[in-house]
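See below for the structure under consideration.
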Amino acid sequence: MKLKRKLIFICNGSDCKKSGAKTIAKDVKEAAKTEPLKGACKIIKTKCMDMCKSAPVVIVNDHFLKKTSSQKIILELKKS
């Protein structure tokens, strides 16, 4: 049985970092260690995605989350 991993792309451009991308990465990493997300997520830090006015920007699977927070990302992960 093959497990489908959820891909989480977190922008690490300067504007996203100023808007809390480091905190988001830390919070999502902690959430990914608990059930039901344990072993089902892959966190990828990216360079600037050129959406600086919408910082912080995160992509979860095929969904762009603009001006997002850790809670919104974790909710998106649990429902997808």
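Going through the structure tokens in order, the chains are called A, B, and so on, while each chain numbers its residues from 1 and the ligands are numbered from 1 in the order shown.
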
Distance query segment 45-49 of chain A at most 12 Å, only C-alpha atoms, self and fewer than 4 positions along chain excluded, as a PyMOL selection string: chain A and resi 7-17+21-22+24-26+28-29+53-59+64+66

What parts of chain A does DSSP call helix (DSSP H, G or I)? I'd like the answer as a list in words. Ser14, Asp15, Cys16, Lys17, Lys18, Ala21, Lys22, Thr23, Ile24, Ala25, Lys26, Asp27, Val28, Lys29, Glu30, Ala31, Cys52, Lys53, Ser54, Ser70, Gln71, Lys72, Ile73, Ile74, Leu75, Glu76, Leu77, Lys78 and Lys79 of chain A

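Near Glu35 of chain A, within a cut-off of 12 Å and counting only C-alpha atoms, sit the residues Glu30, Ala31, Gly39, Ala40, Cys41, Ile74, Leu77 and Lys78 of chain A, with same-chain residues fewer than 4 positions away left out.
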
Could you turn the residues from that selection into a file that holds N, CA, C and O atoms, as a PDB file, in the first residue's frame?
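The result, written out as part06.pdb:
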ATOM      1  N   GLU A  30       5.681  20.720  14.133  1.00  0.00           N
ATOM      2  CA  GLU A  30       5.207  20.106  15.386  1.00  0.00           C
ATOM      3  C   GLU A  30       3.884  19.379  15.162  1.00  0.00           C
ATOM      4  O   GLU A  30       3.687  18.283  15.677  1.00  0.00           O
ATOM      5  N   ALA A  31       2.967  19.982  14.404  1.00  0.00           N
ATOM      6  CA  ALA A  31       1.673  19.357  14.134  1.00  0.00           C
ATOM      7  C   ALA A  31       1.833  18.083  13.306  1.00  0.00           C
ATOM      8  O   ALA A  31       1.072  17.131  13.473  1.00  0.00           O
ATOM      9  N   GLY A  39       3.748  11.247   9.648  1.00  0.00           N
ATOM     10  CA  GLY A  39       4.262  10.504   8.503  1.00  0.00           C
ATOM     11  C   GLY A  39       3.554  10.791   7.191  1.00  0.00           C
ATOM     12  O   GLY A  39       3.885  10.191   6.178  1.00  0.00           O
ATOM     13  N   ALA A  40       2.583  11.684   7.182  1.00  0.00           N
ATOM     14  CA  ALA A  40       1.806  11.939   5.973  1.00  0.00           C
ATOM     15  C   ALA A  40       2.128  13.290   5.335  1.00  0.00           C
ATOM     16  O   ALA A  40       1.498  13.665   4.352  1.00  0.00           O
ATOM     17  N   CYS A  41       3.094  14.032   5.877  1.00  0.00           N
ATOM     18  CA  CYS A  41       3.399  15.378   5.382  1.00  0.00           C
ATOM     19  C   CYS A  41       4.878  15.512   5.024  1.00  0.00           C
ATOM     20  O   CYS A  41       5.734  14.914   5.660  1.00  0.00           O
ATOM     21  N   ILE A  74      -2.931  24.033   9.290  1.00  0.00           N
ATOM     22  CA  ILE A  74      -3.208  22.748   9.942  1.00  0.00           C
ATOM     23  C   ILE A  74      -4.635  22.291   9.636  1.00  0.00           C
ATOM     24  O   ILE A  74      -4.868  21.104   9.365  1.00  0.00           O
ATOM     25  N   LEU A  77      -4.636  20.902   6.153  1.00  0.00           N
ATOM     26  CA  LEU A  77      -4.005  19.585   6.118  1.00  0.00           C
ATOM     27  C   LEU A  77      -4.947  18.494   6.605  1.00  0.00           C
ATOM     28  O   LEU A  77      -5.005  17.413   6.039  1.00  0.00           O
ATOM     29  N   LYS A  78      -5.676  18.783   7.661  1.00  0.00           N
ATOM     30  CA  LYS A  78      -6.567  17.776   8.235  1.00  0.00           C
ATOM     31  C   LYS A  78      -7.772  17.490   7.355  1.00  0.00           C
ATOM     32  O   LYS A  78      -8.266  16.364   7.331  1.00  0.00           O
TER      33      LYS A  78
END

To one decimal place in Å, what is the distance between atom CA of Lys38 of chain A and atom CA of Lys4 of chain A?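 Rounded to one decimal, the two atoms are 12.2 Å apart.
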
Tell me which of A:Gly20, A:Asp27, A:Ile44, A:Pro36 sits closest to Ile73 of chain A, counting only C-alpha atoms.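 Ranking A:Gly20, A:Asp27, A:Ile44, A:Pro36 by distance to Ile73 of chain A, first place goes to A:Asp27.
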
Closest to Ile43 of chain A among A:Lys6, A:Thr23, A:Lys67, A:Ser80, using only C-alpha atoms? A:Lys6

Length of the atom CA of Leu75 of chain A to atom CA of Asp50 of chain A vector [Å]: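 It comes out at 24.6 Å.
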
Please report, as a list in words, each residue of segment 1-57 of chain A to which DSSP assigns strand (DSSP E) when run on this structure's backbone. Lys6, Leu7, Ile8, Phe9, Ile10, Cys11, Cys41, Lys42, Ile43, Ile44, Lys45 and Thr46 of chain A

Residues of the last selection are to be written out with all heavy atoms, as a short mmCIF file (atom, residue, chain, number, x, y, z; two decimals), in the first residue's frame.
data_model
loop_
_atom_site.label_atom_id
_atom_site.label_comp_id
_atom_site.auth_asym_id
_atom_site.auth_seq_id
_atom_site.Cartn_x
_atom_site.Cartn_y
_atom_site.Cartn_z
N LYS A 6 1.26 14.57 1.85
CA LYS A 6 0.80 15.92 1.59
C LYS A 6 2.01 16.83 1.53
O LYS A 6 2.84 16.83 2.43
CB LYS A 6 -0.15 16.37 2.70
CG LYS A 6 -1.38 15.51 2.79
CD LYS A 6 -2.20 15.82 3.99
CE LYS A 6 -3.35 14.82 4.05
NZ LYS A 6 -4.15 14.95 5.22
N LEU A 7 2.13 17.59 0.45
CA LEU A 7 3.26 18.49 0.27
C LEU A 7 2.90 19.88 0.77
O LEU A 7 1.85 20.42 0.44
CB LEU A 7 3.66 18.55 -1.19
CG LEU A 7 4.11 17.22 -1.80
CD1 LEU A 7 4.42 17.42 -3.28
CD2 LEU A 7 5.31 16.66 -1.08
N ILE A 8 3.80 20.44 1.58
CA ILE A 8 3.59 21.77 2.15
C ILE A 8 4.79 22.62 1.74
O ILE A 8 5.91 22.37 2.19
CB ILE A 8 3.51 21.70 3.68
CG1 ILE A 8 2.45 20.69 4.10
CG2 ILE A 8 3.22 23.08 4.26
CD1 ILE A 8 2.62 20.20 5.51
N PHE A 9 4.56 23.59 0.88
CA PHE A 9 5.62 24.50 0.43
C PHE A 9 5.49 25.80 1.21
O PHE A 9 4.46 26.48 1.12
CB PHE A 9 5.50 24.78 -1.06
CG PHE A 9 5.69 23.57 -1.92
CD1 PHE A 9 4.61 22.81 -2.32
CD2 PHE A 9 6.96 23.19 -2.32
CE1 PHE A 9 4.78 21.69 -3.12
CE2 PHE A 9 7.15 22.07 -3.12
CZ PHE A 9 6.06 21.31 -3.52
N ILE A 10 6.51 26.15 1.97
CA ILE A 10 6.50 27.37 2.77
C ILE A 10 7.52 28.35 2.20
O ILE A 10 8.71 28.05 2.13
CB ILE A 10 6.83 27.07 4.25
CG1 ILE A 10 5.81 26.08 4.81
CG2 ILE A 10 6.86 28.36 5.07
CD1 ILE A 10 6.11 25.61 6.21
N CYS A 11 7.04 29.51 1.78
CA CYS A 11 7.92 30.53 1.21
C CYS A 11 8.85 31.08 2.30
O CYS A 11 8.41 31.38 3.40
CB CYS A 11 7.09 31.66 0.61
SG CYS A 11 8.11 32.96 -0.12
N CYS A 41 3.09 14.03 5.88
CA CYS A 41 3.40 15.38 5.38
C CYS A 41 4.88 15.51 5.02
O CYS A 41 5.73 14.91 5.66
CB CYS A 41 3.08 16.42 6.44
SG CYS A 41 1.37 16.47 6.91
N LYS A 42 5.14 16.32 4.03
CA LYS A 42 6.49 16.68 3.64
C LYS A 42 6.56 18.20 3.57
O LYS A 42 5.86 18.83 2.77
CB LYS A 42 6.85 16.07 2.29
CG LYS A 42 8.19 16.46 1.74
CD LYS A 42 9.31 15.89 2.56
CE LYS A 42 10.65 16.25 1.93
NZ LYS A 42 11.76 15.94 2.79
N ILE A 43 7.36 18.80 4.45
CA ILE A 43 7.51 20.25 4.50
C ILE A 43 8.71 20.66 3.66
O ILE A 43 9.81 20.15 3.86
CB ILE A 43 7.67 20.73 5.95
CG1 ILE A 43 6.44 20.33 6.77
CG2 ILE A 43 7.92 22.23 6.00
CD1 ILE A 43 6.60 20.53 8.25
N ILE A 44 8.47 21.58 2.73
CA ILE A 44 9.53 22.04 1.83
C ILE A 44 9.60 23.56 1.93
O ILE A 44 8.62 24.26 1.65
CB ILE A 44 9.23 21.63 0.37
CG1 ILE A 44 9.08 20.10 0.28
CG2 ILE A 44 10.31 22.13 -0.57
CD1 ILE A 44 8.40 19.63 -0.96
N LYS A 45 10.76 24.06 2.33
CA LYS A 45 10.98 25.51 2.39
C LYS A 45 11.47 25.96 1.01
O LYS A 45 12.40 25.39 0.47
CB LYS A 45 12.00 25.85 3.46
CG LYS A 45 11.52 25.53 4.86
CD LYS A 45 12.56 25.87 5.88
CE LYS A 45 12.09 25.50 7.28
NZ LYS A 45 13.12 25.76 8.28
N THR A 46 10.82 26.99 0.47
CA THR A 46 11.15 27.46 -0.87
C THR A 46 11.78 28.84 -0.81
O THR A 46 11.72 29.53 0.20
CB THR A 46 9.90 27.55 -1.75
OG1 THR A 46 9.05 28.58 -1.26
CG2 THR A 46 9.15 26.23 -1.78
#
